[in-house]
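Visitor: Hey, dropping run-v2.csv in here, CSV, C-alpha atoms:
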```csv
chain,number,residue,atom,x,y,z
A,9,MET,CA,0.2,24.1,-36.0
A,10,PRO,CA,4.0,23.7,-35.8
A,11,ASP,CA,5.6,20.8,-37.6
A,12,ALA,CA,6.5,17.8,-35.5
A,13,PRO,CA,10.2,17.5,-34.7
A,14,ALA,CA,12.1,15.5,-37.3
A,15,ARG,CA,13.3,12.0,-36.4
A,16,PRO,CA,17.1,11.5,-36.6
A,17,ALA,CA,17.8,9.1,-39.4
A,18,ALA,CA,20.0,6.9,-37.1
A,19,ALA,CA,17.7,6.8,-34.1
A,20,VAL,CA,17.3,3.4,-32.5
A,21,VAL,CA,14.2,4.5,-30.7
A,22,SER,CA,12.1,7.6,-31.7
A,23,ALA,CA,8.9,8.7,-30.0
A,24,ARG,CA,6.5,11.5,-30.9
A,25,GLY,CA,3.5,12.4,-28.8
A,26,LEU,CA,3.6,8.9,-27.3
A,27,THR,CA,0.5,8.4,-25.1
A,28,HIS,CA,-1.0,5.4,-23.4
A,29,VAL,CA,-4.2,5.4,-21.4
A,30,PHE,CA,-5.3,2.8,-19.0
A,31,GLY,CA,-9.1,2.4,-18.3
A,32,ARG,CA,-12.1,4.1,-19.9
A,33,GLY,CA,-14.4,6.9,-19.2
A,34,ALA,CA,-14.1,8.5,-15.8
A,35,ALA,CA,-11.6,5.8,-14.8
A,36,ALA,CA,-9.2,6.6,-17.7
A,37,ARG,CA,-5.7,7.5,-16.7
A,38,ALA,CA,-2.8,8.5,-19.0
A,39,ALA,CA,0.2,6.5,-17.8
A,40,VAL,CA,2.3,8.0,-20.6
A,41,ASP,CA,1.3,11.4,-21.8
A,42,GLY,CA,2.8,12.9,-25.0
A,43,LEU,CA,6.4,11.8,-24.7
A,44,ASP,CA,8.9,13.0,-27.3
A,45,PHE,CA,12.4,11.5,-27.3
A,46,ASP,CA,15.1,10.0,-29.5
A,47,LEU,CA,17.7,7.4,-28.5
A,48,GLY,CA,20.8,7.0,-30.8
A,49,PRO,CA,23.4,4.3,-31.2
A,50,GLY,CA,26.0,4.2,-28.5
A,51,GLU,CA,23.7,6.2,-26.1
A,52,CYS,CA,22.1,5.4,-22.8
A,53,LEU,CA,18.8,7.2,-22.0
A,54,GLY,CA,17.4,7.0,-18.5
A,55,LEU,CA,13.8,7.4,-17.4
A,56,LEU,CA,13.7,8.7,-13.9
A,57,GLY,CA,10.8,9.3,-11.5
A,58,PRO,CA,8.7,7.9,-8.7
A,59,ASN,CA,6.5,4.8,-8.9
A,60,GLY,CA,3.6,5.4,-11.2
A,61,SER,CA,5.4,8.1,-13.3
A,62,GLY,CA,5.2,6.1,-16.5
A,63,LYS,CA,8.7,4.6,-16.7
A,64,SER,CA,7.7,0.9,-17.0
A,65,THR,CA,4.8,1.6,-19.3
A,66,THR,CA,7.2,3.4,-21.6
A,67,LEU,CA,9.5,0.5,-21.6
A,68,ARG,CA,6.6,-1.9,-22.4
A,69,LEU,CA,5.6,0.2,-25.3
A,70,VAL,CA,9.1,0.2,-26.7
A,71,LEU,CA,9.2,-3.6,-26.4
A,72,GLY,CA,5.8,-4.0,-28.1
A,73,LEU,CA,4.2,-5.5,-25.0
A,74,LEU,CA,1.6,-2.7,-25.1
A,75,PRO,CA,0.0,-1.4,-28.3
A,76,VAL,CA,0.7,2.1,-29.6
A,77,ARG,CA,-2.7,3.8,-30.0
A,78,GLU,CA,-1.8,7.5,-29.7
A,79,GLY,CA,1.3,9.2,-31.1
A,80,SER,CA,4.0,7.3,-32.9
A,81,LEU,CA,6.9,5.1,-31.9
A,82,CYS,CA,9.7,3.8,-34.1
A,83,VAL,CA,12.0,1.0,-32.8
A,84,LEU,CA,15.0,-0.1,-34.8
A,85,GLY,CA,13.6,1.2,-38.0
A,86,GLY,CA,10.0,0.1,-37.7
A,87,ALA,CA,7.1,-0.8,-35.5
A,88,PRO,CA,7.9,-2.0,-32.0
A,89,GLY,CA,7.4,-5.7,-31.2
A,90,ARG,CA,7.9,-7.0,-34.8
A,91,ARG,CA,10.2,-10.0,-35.2
A,92,ALA,CA,13.3,-8.1,-36.3
A,93,ALA,CA,13.0,-5.7,-33.4
A,94,ARG,CA,12.6,-8.5,-30.9
A,95,ALA,CA,15.7,-10.3,-32.3
A,96,ALA,CA,17.8,-7.1,-32.0
A,97,THR,CA,16.6,-6.3,-28.4
A,98,GLY,CA,17.7,-7.5,-25.0
A,99,TYR,CA,15.3,-7.1,-22.1
A,100,VAL,CA,15.8,-7.2,-18.3
A,101,PRO,CA,12.5,-7.0,-16.4
A,102,GLU,CA,12.3,-5.7,-12.9
A,103,GLU,CA,11.6,-9.2,-11.6
A,104,ALA,CA,13.7,-11.7,-13.5
A,105,ARG,CA,12.2,-15.1,-14.2
A,106,ARG,CA,14.3,-18.0,-12.9
A,107,PHE,CA,14.7,-21.4,-14.6
A,108,GLY,CA,15.3,-23.1,-11.3
A,109,LEU,CA,16.6,-26.5,-12.3
A,110,LEU,CA,19.2,-25.1,-14.8
A,111,SER,CA,22.6,-23.8,-13.9
A,112,GLY,CA,23.6,-20.2,-14.8
A,113,PHE,CA,25.5,-21.4,-17.8
A,114,GLU,CA,22.6,-23.5,-19.1
A,115,THR,CA,20.2,-20.5,-18.6
A,116,VAL,CA,22.3,-18.1,-20.6
A,117,ASP,CA,23.1,-20.7,-23.2
A,118,LEU,CA,19.3,-21.3,-23.6
A,119,PHE,CA,18.8,-17.6,-24.3
A,120,ALA,CA,21.7,-17.6,-26.7
A,121,ARG,CA,20.1,-20.5,-28.7
A,122,LEU,CA,16.7,-18.8,-28.6
A,123,GLN,CA,18.2,-15.6,-30.0
A,124,GLY,CA,19.9,-17.4,-32.8
A,125,VAL,CA,23.6,-17.5,-31.7
A,126,ARG,CA,24.8,-20.3,-34.0
A,127,GLY,CA,27.8,-22.6,-33.6
A,128,ARG,CA,28.7,-24.4,-30.4
A,129,ARG,CA,32.1,-22.9,-30.0
A,130,THR,CA,30.8,-19.3,-30.7
A,131,ARG,CA,27.9,-19.8,-28.4
A,132,ARG,CA,30.0,-21.1,-25.5
A,133,SER,CA,32.4,-18.2,-26.0
A,134,ARG,CA,29.6,-15.6,-25.9
A,135,VAL,CA,28.0,-17.3,-22.9
A,136,ALA,CA,31.3,-17.3,-21.0
A,137,GLU,CA,32.0,-13.7,-21.8
A,138,ALA,CA,28.5,-12.6,-20.7
A,139,LEU,CA,28.8,-14.5,-17.4
A,140,ALA,CA,32.3,-13.1,-16.7
A,141,ALA,CA,31.0,-9.5,-17.4
A,142,VAL,CA,28.4,-9.9,-14.6
A,143,GLY,CA,30.8,-11.6,-12.2
A,144,LEU,CA,29.1,-15.1,-12.3
A,145,GLU,CA,31.8,-17.1,-14.2
A,146,GLU,CA,32.5,-19.4,-11.2
A,147,ARG,CA,29.1,-20.1,-9.8
A,148,ALA,CA,27.4,-20.4,-13.2
A,149,TRP,CA,28.8,-23.9,-13.7
A,150,ARG,CA,28.1,-25.5,-10.3
A,151,GLN,CA,25.0,-23.8,-8.8
A,152,ARG,CA,21.4,-24.1,-9.8
A,153,VAL,CA,19.6,-20.9,-10.5
A,154,GLU,CA,17.0,-21.8,-7.8
A,155,ASP,CA,19.7,-21.3,-5.2
A,156,TYR,CA,20.7,-17.8,-6.5
A,157,SER,CA,20.1,-14.7,-4.4
A,158,ARG,CA,17.9,-12.0,-5.9
A,159,GLY,CA,21.0,-10.0,-6.8
A,160,MET,CA,22.6,-12.9,-8.6
A,161,ALA,CA,19.4,-13.6,-10.5
A,162,ARG,CA,19.3,-10.0,-11.6
A,163,ARG,CA,22.9,-10.2,-12.9
A,164,LEU,CA,22.1,-13.5,-14.6
A,165,ALA,CA,19.1,-11.8,-16.4
A,166,LEU,CA,21.4,-9.1,-17.7
A,167,ALA,CA,23.9,-11.7,-19.1
A,168,ALA,CA,21.0,-13.6,-20.8
A,169,ALA,CA,19.7,-10.3,-22.3
A,170,TRP,CA,23.1,-9.3,-23.6
A,171,VAL,CA,24.5,-12.6,-24.8
A,172,HIS,CA,23.4,-12.2,-28.4
A,173,ARG,CA,24.8,-8.7,-28.6
A,174,PRO,CA,21.6,-6.8,-29.2
A,175,ARG,CA,21.5,-3.4,-30.8
A,176,LEU,CA,19.1,-2.2,-28.0
A,177,LEU,CA,19.1,-3.1,-24.3
A,178,VAL,CA,15.9,-2.3,-22.3
A,179,LEU,CA,16.4,-2.4,-18.6
A,180,ASP,CA,13.8,-2.0,-15.9
A,181,GLU,CA,15.5,-0.9,-12.6
A,182,PRO,CA,18.7,-2.9,-13.5
A,183,THR,CA,20.5,-2.2,-10.3
A,184,SER,CA,17.6,-2.8,-7.9
A,185,GLY,CA,18.6,-5.1,-5.1
A,186,LEU,CA,22.3,-5.2,-6.1
A,187,ASP,CA,25.3,-4.6,-3.8
A,188,PRO,CA,28.0,-2.2,-5.0
A,189,PHE,CA,29.9,-5.0,-6.8
A,190,GLY,CA,26.7,-5.9,-8.7
A,191,VAL,CA,26.1,-2.3,-9.6
A,192,ALA,CA,29.6,-2.1,-11.0
A,193,ASP,CA,29.0,-5.2,-13.1
A,194,VAL,CA,25.9,-3.7,-14.6
A,195,LEU,CA,27.7,-0.5,-15.4
A,196,ARG,CA,30.6,-2.5,-17.0
A,197,VAL,CA,28.2,-4.3,-19.3
A,198,LEU,CA,26.5,-1.1,-20.3
A,199,GLU,CA,29.9,0.5,-21.1
A,200,GLN,CA,30.9,-2.5,-23.3
A,201,HIS,CA,27.4,-2.4,-25.0
A,202,GLN,CA,27.7,1.3,-25.8
A,203,ARG,CA,31.3,1.1,-26.9
A,204,ALA,CA,30.2,-1.5,-29.5
A,205,GLY,CA,27.5,1.0,-30.7
A,206,GLY,CA,24.6,-0.4,-28.8
A,207,ALA,CA,21.8,1.7,-27.4
A,208,ALA,CA,20.3,1.3,-23.9
A,209,LEU,CA,17.0,2.5,-22.5
A,210,LEU,CA,16.6,2.1,-18.7
A,211,SER,CA,14.4,3.1,-15.8
A,212,ALA,CA,16.0,4.0,-12.5
A,213,HIS,CA,15.3,5.3,-9.0
A,214,ASP,CA,18.8,5.5,-7.6
A,215,ARG,CA,21.2,8.3,-8.2
A,216,VAL,CA,24.3,6.1,-8.9
A,217,THR,CA,22.6,4.4,-11.9
A,218,ALA,CA,21.4,7.8,-13.3
A,219,GLU,CA,24.7,9.5,-13.0
A,220,GLU,CA,27.1,6.7,-13.9
A,221,ALA,CA,25.1,4.9,-16.6
A,222,CYS,CA,23.1,7.5,-18.5
A,223,ASP,CA,24.2,10.0,-21.0
A,224,ARG,CA,20.8,11.8,-20.9
A,225,ALA,CA,17.7,11.4,-18.7
A,226,LEU,CA,14.0,12.2,-18.8
A,227,VAL,CA,12.4,13.0,-15.5
A,228,LEU,CA,8.8,11.7,-15.6
A,229,ASP,CA,5.9,12.7,-13.4
A,230,ALA,CA,2.3,11.5,-14.1
A,231,GLY,CA,3.5,10.3,-17.5
A,232,ARG,CA,4.9,13.6,-18.7
A,233,VAL,CA,8.5,14.8,-19.0
A,234,VAL,CA,9.0,17.5,-16.4
A,235,ARG,CA,12.8,17.9,-16.9
A,236,SER,CA,15.5,16.5,-19.2
A,237,GLY,CA,19.2,16.7,-19.7
A,238,ALA,CA,22.4,15.2,-18.5
A,239,PRO,CA,21.9,13.5,-15.1
A,240,SER,CA,24.9,15.4,-13.6
A,241,ASP,CA,23.2,18.7,-14.4
A,242,LEU,CA,19.7,17.5,-13.3
A,243,LEU,CA,21.1,16.3,-9.9
A,244,ALA,CA,23.6,19.1,-9.3
A,245,GLY,CA,23.2,20.7,-5.9
A,246,ASP,CA,21.1,17.8,-4.4
A,247,PRO,CA,23.3,16.1,-1.8
A,248,ARG,CA,20.7,13.4,-1.1
A,249,PRO,CA,21.3,9.8,-2.5
A,250,SER,CA,17.7,9.6,-3.9
A,251,LEU,CA,15.9,11.6,-6.6
A,252,LEU,CA,13.4,13.1,-4.1
A,253,GLY,CA,14.9,16.6,-4.3
A,254,LEU,CA,14.8,16.5,-8.1
A,255,MET,CA,11.1,15.6,-8.1
A,256,GLU,CA,10.3,18.3,-5.6
A,257,ALA,CA,12.1,20.8,-7.7
A,258,ALA,CA,10.3,19.7,-10.9
A,259,ARG,CA,6.9,20.0,-9.1
A,260,GLY,CA,7.8,23.5,-7.8
A,261,GLY,CA,8.0,22.3,-4.2
```
Since I need it in another form, could you write the structure as structure tokens?

Guide:
Amino acid sequence: MPDAPARPAAAVVSARGLTHVFGRGAAARAAVDGLDFDLGPGECLGLLGPNGSGKSTTLRLVLGLLPVREGSLCVLGGAPGRRAARAATGYVPEEARRFGLLSGFETVDLFARLQGVRGRRTRRSRVAEALAAVGLEERAWRQRVEDYSRGMARRLALAAAWVHRPRLLVLDEPTSGLDPFGVADVLRVLEQHQRAGGAALLSAHDRVTAEEACDRALVLDAGRVVRSGAPSDLLAGDPRPSLLGLMEAARGG
């Protein structure tokens, strides 16, 4: 049997044979099936594919929200989900939770406090910078989150995830429901995050996010990697705005 690929010493996330099965017996289904990948500092790795391809399950494994029972997964130097890994990770779920009675500033300030950003002046500066990065600096002070549009709520969730300057950002469909200005805000935050040496792992459906945000991408289908490489290479020759052509090519269609 060949030796398993070595893990890069500086990898922020490293998976070998990562597998997760839902159900038992005849109803068992592998949502993630033998994934191998590494994510280094300053890099953005995209998980591409249709619904049910294993993208969100992979993100939940990295976050420690699902147990690793088959294969191995190293996150920030140890097991996923431990306290040190959680403290150094920012997470934006596909459906962001809203703290309706708070303003945008109060929401991001709350997350900064929970993530250990100390000192009132430092915290206010971090919160203001995060809100400005996602284009919410004006409304964040005078509008309750319950009155935010879905797109504004998504941008606020990114600010809250990034305010403590995590080493790892995990983003589930970060540009879903955003207009072009909102997409540009997300891309700007990712650029700043990577420029500071942070790593990002995200799932995506749309071509813009894949090409503009990701250095590398894994195309998943039924929990397996069917193609990998630079998004521009993977999507070359497909004029359509979606990833449908890419999936058809991967399946041999």

Visitor: Which one of A:Val153, A:Ala161, A:Leu139, A:Leu122 sits closest to Leu110 in chain A if you count all atoms listed in the file?

Guide: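 The closest residue to Leu110 in chain A is A:Val153.
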
Visitor: For CA of Val216 in chain A and CA of Asp155 in chain A, quote the distance in Å rounded to one decimal.

Guide: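 Interatomic distance, CA of Val216 in chain A to CA of Asp155 in chain A: 28.0 Å.
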
Visitor: Residues at most 10 Å from range 184-186 of chain A, counting only C-alpha atoms, excluding those fewer than 2 positions away in the same chain, as a list of chain:residue names?

Guide: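 Once the nearby chain positions are removed, what remains is A:Glu102, A:Glu103, A:Ser157, A:Arg158, A:Gly159, A:Met160, A:Ala161, A:Arg162, A:Arg163, A:Asp180, A:Glu181, A:Pro182, A:Pro188, A:Phe189, A:Gly190, A:Val191, A:Ala192, A:Asp193, A:Val194, A:Ala212, A:His213, A:Asp214, A:Thr217.
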
Visitor: Residues as selected, C-alpha atoms, written as an mmCIF file, keeping the file's coordinate frame, can you do that?

Guide:
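The file below, result25.cif, is the result:
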```cif
data_model
loop_
_atom_site.group_PDB
_atom_site.id
_atom_site.type_symbol
_atom_site.label_atom_id
_atom_site.label_comp_id
_atom_site.auth_asym_id
_atom_site.auth_seq_id
_atom_site.Cartn_x
_atom_site.Cartn_y
_atom_site.Cartn_z
ATOM 1 C CA GLU A 102 12.300 -5.700 -12.900
ATOM 2 C CA GLU A 103 11.600 -9.200 -11.600
ATOM 3 C CA SER A 157 20.100 -14.700 -4.400
ATOM 4 C CA ARG A 158 17.900 -12.000 -5.900
ATOM 5 C CA GLY A 159 21.000 -10.000 -6.800
ATOM 6 C CA MET A 160 22.600 -12.900 -8.600
ATOM 7 C CA ALA A 161 19.400 -13.600 -10.500
ATOM 8 C CA ARG A 162 19.300 -10.000 -11.600
ATOM 9 C CA ARG A 163 22.900 -10.200 -12.900
ATOM 10 C CA ASP A 180 13.800 -2.000 -15.900
ATOM 11 C CA GLU A 181 15.500 -0.900 -12.600
ATOM 12 C CA PRO A 182 18.700 -2.900 -13.500
ATOM 13 C CA PRO A 188 28.000 -2.200 -5.000
ATOM 14 C CA PHE A 189 29.900 -5.000 -6.800
ATOM 15 C CA GLY A 190 26.700 -5.900 -8.700
ATOM 16 C CA VAL A 191 26.100 -2.300 -9.600
ATOM 17 C CA ALA A 192 29.600 -2.100 -11.000
ATOM 18 C CA ASP A 193 29.000 -5.200 -13.100
ATOM 19 C CA VAL A 194 25.900 -3.700 -14.600
ATOM 20 C CA ALA A 212 16.000 4.000 -12.500
ATOM 21 C CA HIS A 213 15.300 5.300 -9.000
ATOM 22 C CA ASP A 214 18.800 5.500 -7.600
ATOM 23 C CA THR A 217 22.600 4.400 -11.900
#
```

Visitor: Using all atoms listed in the file, which of A:Val20, A:Leu228, A:Ala96, A:Val233 sits nearest Val171 in chain A?

Guide: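 Of all the options, A:Ala96 lies closest to Val171 in chain A.
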
Visitor: Give me the residues near Glu199 in chain A as a PyMOL selection string, where near means some atom within 10 Å (using all atoms listed in the file) and where sequence neighbours in that chain fewer than 5 positions away do not count.

Guide: chain A and resi 50-52+193-194+204-206+220-221

Visitor: Could you state the separation of CA of Trp170 in chain A and CA of Gly98 in chain A in Å, given to one decimal place?

Guide: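 Atom-to-atom, CA of Trp170 in chain A and CA of Gly98 in chain A are spaced 5.9 Å apart.
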
Visitor: Which polymer residues have any atom within 10 Å of an atom of Glu145 in chain A, counting only C-alpha atoms, with same-chain residues fewer than 4 positions away left out, as a VMD selection string?

Guide: chain A and resid 112 to 113 135 to 141 149 to 150

Visitor: For each of A:Ala230, A:Ala18, A:Leu53, A:Ala225, take the minimum atom-to-atom distance to Leu242 in chain A, counting all atoms listed in the file, then give the residue where this is smallest.

Guide: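 So, comparing all the options, the nearest one is A:Ala225.
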
Visitor: What is the distance between CA of Tyr99 in chain A and CA of Leu118 in chain A, in Å to one decimal?

Guide: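 CA of Tyr99 in chain A sits 14.8 Å away from CA of Leu118 in chain A.
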
Visitor: Return the single residue from A:Leu67, A:Ala120, A:Val83, A:Leu73 that is closest to Ser22 in chain A, with distances computed using all atoms listed in the file.

Guide: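 Among the listed residues, A:Val83 lies closest to Ser22 in chain A.
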
Visitor: Could you check the closest approach to Leu166 in chain A for each of A:Gly127, A:Pro75, A:Pro101, A:Gly89 and tell me which residue wins, using only C-alpha atoms?

Guide: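 Of all the options, A:Pro101 lies closest to Leu166 in chain A.
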
Visitor: Which is closest to Ala218 in chain A among A:Ala23, A:Ala93, A:Ser80, A:Leu55, if we use all atoms listed in the file?

Guide: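 Answer, going by the shortest atom-to-atom distance: A:Leu55.
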
Visitor: For Thr27 in chain A, list every protein, DNA or RNA residue within 7 Å, evaluated using only C-alpha atoms, and leave out those in the same chain fewer than 4 positions away; present the list as JSON, numbers by chain.

Guide: {"A": [38, 40, 41, 42, 43, 78, 79]}

Visitor: Extract, using only C-alpha atoms, all DNA, RNA and protein residues at most 9 Å from Thr65 in chain A, discarding same-chain residues fewer than 5 positions from it, and format them as a count of residues only.

Guide: 6

Visitor: Would you mind completing range 81-117 of chain A to N, CA and C atoms and writing the output as an mmCIF file, in the coordinates of the input?

Guide:
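Below you can see part26.cif, which holds the result:
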```cif
data_model
loop_
_atom_site.group_PDB
_atom_site.id
_atom_site.type_symbol
_atom_site.label_atom_id
_atom_site.label_comp_id
_atom_site.auth_asym_id
_atom_site.auth_seq_id
_atom_site.Cartn_x
_atom_site.Cartn_y
_atom_site.Cartn_z
ATOM 1 N N LEU A 81 5.743 5.646 -32.511
ATOM 2 C CA LEU A 81 6.900 5.100 -31.900
ATOM 3 C C LEU A 81 7.628 4.196 -32.932
ATOM 4 N N CYS A 82 8.887 4.514 -33.189
ATOM 5 C CA CYS A 82 9.700 3.800 -34.100
ATOM 6 C C CYS A 82 10.851 3.111 -33.368
ATOM 7 N N VAL A 83 10.988 1.792 -33.497
ATOM 8 C CA VAL A 83 12.000 1.000 -32.800
ATOM 9 C C VAL A 83 12.833 0.252 -33.813
ATOM 10 N N LEU A 84 14.113 0.567 -33.900
ATOM 11 C CA LEU A 84 15.000 -0.100 -34.800
ATOM 12 C C LEU A 84 14.474 -0.119 -36.245
ATOM 13 N N GLY A 85 13.973 1.041 -36.639
ATOM 14 C CA GLY A 85 13.600 1.200 -38.000
ATOM 15 C C GLY A 85 12.146 0.860 -38.368
ATOM 16 N N GLY A 86 11.329 0.475 -37.396
ATOM 17 C CA GLY A 86 10.000 0.100 -37.700
ATOM 18 C C GLY A 86 9.095 0.014 -36.476
ATOM 19 N N ALA A 87 7.995 -0.711 -36.585
ATOM 20 C CA ALA A 87 7.100 -0.800 -35.500
ATOM 21 C C ALA A 87 7.649 -1.630 -34.338
ATOM 22 N N PRO A 88 7.388 -1.240 -33.091
ATOM 23 C CA PRO A 88 7.900 -2.000 -32.000
ATOM 24 C C PRO A 88 7.215 -3.401 -31.907
ATOM 25 N N GLY A 89 7.943 -4.392 -31.424
ATOM 26 C CA GLY A 89 7.400 -5.700 -31.200
ATOM 27 C C GLY A 89 7.434 -6.632 -32.437
ATOM 28 N N ARG A 90 7.830 -6.121 -33.601
ATOM 29 C CA ARG A 90 7.900 -7.000 -34.800
ATOM 30 C C ARG A 90 9.132 -7.940 -34.576
ATOM 31 N N ARG A 91 9.199 -9.001 -35.382
ATOM 32 C CA ARG A 91 10.200 -10.000 -35.200
ATOM 33 C C ARG A 91 11.638 -9.471 -35.231
ATOM 34 N N ALA A 92 11.920 -8.619 -36.210
ATOM 35 C CA ALA A 92 13.300 -8.100 -36.300
ATOM 36 C C ALA A 92 13.661 -7.234 -35.139
ATOM 37 N N ALA A 93 12.710 -6.480 -34.599
ATOM 38 C CA ALA A 93 13.000 -5.700 -33.400
ATOM 39 C C ALA A 93 13.244 -6.530 -32.200
ATOM 40 N N ARG A 94 12.438 -7.575 -32.033
ATOM 41 C CA ARG A 94 12.600 -8.500 -30.900
ATOM 42 C C ARG A 94 13.991 -9.159 -30.957
ATOM 43 N N ALA A 95 14.403 -9.560 -32.155
ATOM 44 C CA ALA A 95 15.700 -10.300 -32.300
ATOM 45 C C ALA A 95 16.869 -9.376 -31.999
ATOM 46 N N ALA A 96 16.700 -8.074 -32.161
ATOM 47 C CA ALA A 96 17.800 -7.100 -32.000
ATOM 48 C C ALA A 96 17.700 -6.409 -30.619
ATOM 49 N N THR A 97 16.856 -6.918 -29.717
ATOM 50 C CA THR A 97 16.600 -6.300 -28.400
ATOM 51 C C THR A 97 16.916 -7.266 -27.295
ATOM 52 N N GLY A 98 17.528 -6.780 -26.232
ATOM 53 C CA GLY A 98 17.700 -7.500 -25.000
ATOM 54 C C GLY A 98 16.902 -6.859 -23.900
ATOM 55 N N TYR A 99 16.183 -7.632 -23.095
ATOM 56 C CA TYR A 99 15.300 -7.100 -22.100
ATOM 57 C C TYR A 99 15.561 -7.663 -20.719
ATOM 58 N N VAL A 100 15.729 -6.795 -19.718
ATOM 59 C CA VAL A 100 15.800 -7.200 -18.300
ATOM 60 C C VAL A 100 14.673 -6.658 -17.553
ATOM 61 N N PRO A 101 13.687 -7.495 -17.195
ATOM 62 C CA PRO A 101 12.500 -7.000 -16.400
ATOM 63 C C PRO A 101 12.915 -6.709 -14.988
ATOM 64 N N GLU A 102 12.035 -6.013 -14.283
ATOM 65 C CA GLU A 102 12.300 -5.700 -12.900
ATOM 66 C C GLU A 102 12.402 -6.936 -12.031
ATOM 67 N N GLU A 103 11.572 -7.916 -12.312
ATOM 68 C CA GLU A 103 11.600 -9.200 -11.600
ATOM 69 C C GLU A 103 11.991 -10.275 -12.614
ATOM 70 N N ALA A 104 13.231 -10.729 -12.569
ATOM 71 C CA ALA A 104 13.700 -11.700 -13.500
ATOM 72 C C ALA A 104 13.140 -13.083 -13.269
ATOM 73 N N ARG A 105 12.736 -13.773 -14.332
ATOM 74 C CA ARG A 105 12.200 -15.100 -14.200
ATOM 75 C C ARG A 105 13.419 -16.089 -13.997
ATOM 76 N N ARG A 106 13.219 -17.078 -13.131
ATOM 77 C CA ARG A 106 14.300 -18.000 -12.900
ATOM 78 C C ARG A 106 13.895 -19.418 -13.418
ATOM 79 N N PHE A 107 14.844 -20.035 -14.109
ATOM 80 C CA PHE A 107 14.700 -21.400 -14.600
ATOM 81 C C PHE A 107 15.419 -22.290 -13.560
ATOM 82 N N GLY A 108 14.716 -22.620 -12.471
ATOM 83 C CA GLY A 108 15.300 -23.100 -11.300
ATOM 84 C C GLY A 108 16.218 -24.337 -11.393
ATOM 85 N N LEU A 109 15.883 -25.281 -12.268
ATOM 86 C CA LEU A 109 16.600 -26.500 -12.300
ATOM 87 C C LEU A 109 17.888 -26.384 -13.219
ATOM 88 N N LEU A 110 18.029 -25.276 -13.921
ATOM 89 C CA LEU A 110 19.200 -25.100 -14.800
ATOM 90 C C LEU A 110 20.302 -24.369 -14.002
ATOM 91 N N SER A 111 21.510 -24.556 -14.468
ATOM 92 C CA SER A 111 22.600 -23.800 -13.900
ATOM 93 C C SER A 111 22.625 -22.407 -14.621
ATOM 94 N N GLY A 112 23.464 -21.511 -14.113
ATOM 95 C CA GLY A 112 23.600 -20.200 -14.800
ATOM 96 C C GLY A 112 24.044 -20.329 -16.186
ATOM 97 N N PHE A 113 25.042 -21.189 -16.435
ATOM 98 C CA PHE A 113 25.500 -21.400 -17.800
ATOM 99 C C PHE A 113 24.444 -21.907 -18.696
ATOM 100 N N GLU A 114 23.690 -22.895 -18.227
ATOM 101 C CA GLU A 114 22.600 -23.500 -19.100
ATOM 102 C C GLU A 114 21.533 -22.439 -19.356
ATOM 103 N N THR A 115 21.264 -21.568 -18.393
ATOM 104 C CA THR A 115 20.200 -20.500 -18.600
ATOM 105 C C THR A 115 20.665 -19.571 -19.702
ATOM 106 N N VAL A 116 21.873 -19.036 -19.606
ATOM 107 C CA VAL A 116 22.300 -18.100 -20.600
ATOM 108 C C VAL A 116 22.518 -18.751 -21.958
ATOM 109 N N ASP A 117 22.974 -19.992 -21.957
ATOM 110 C CA ASP A 117 23.100 -20.700 -23.200
ATOM 111 C C ASP A 117 21.737 -20.938 -23.870
#
```
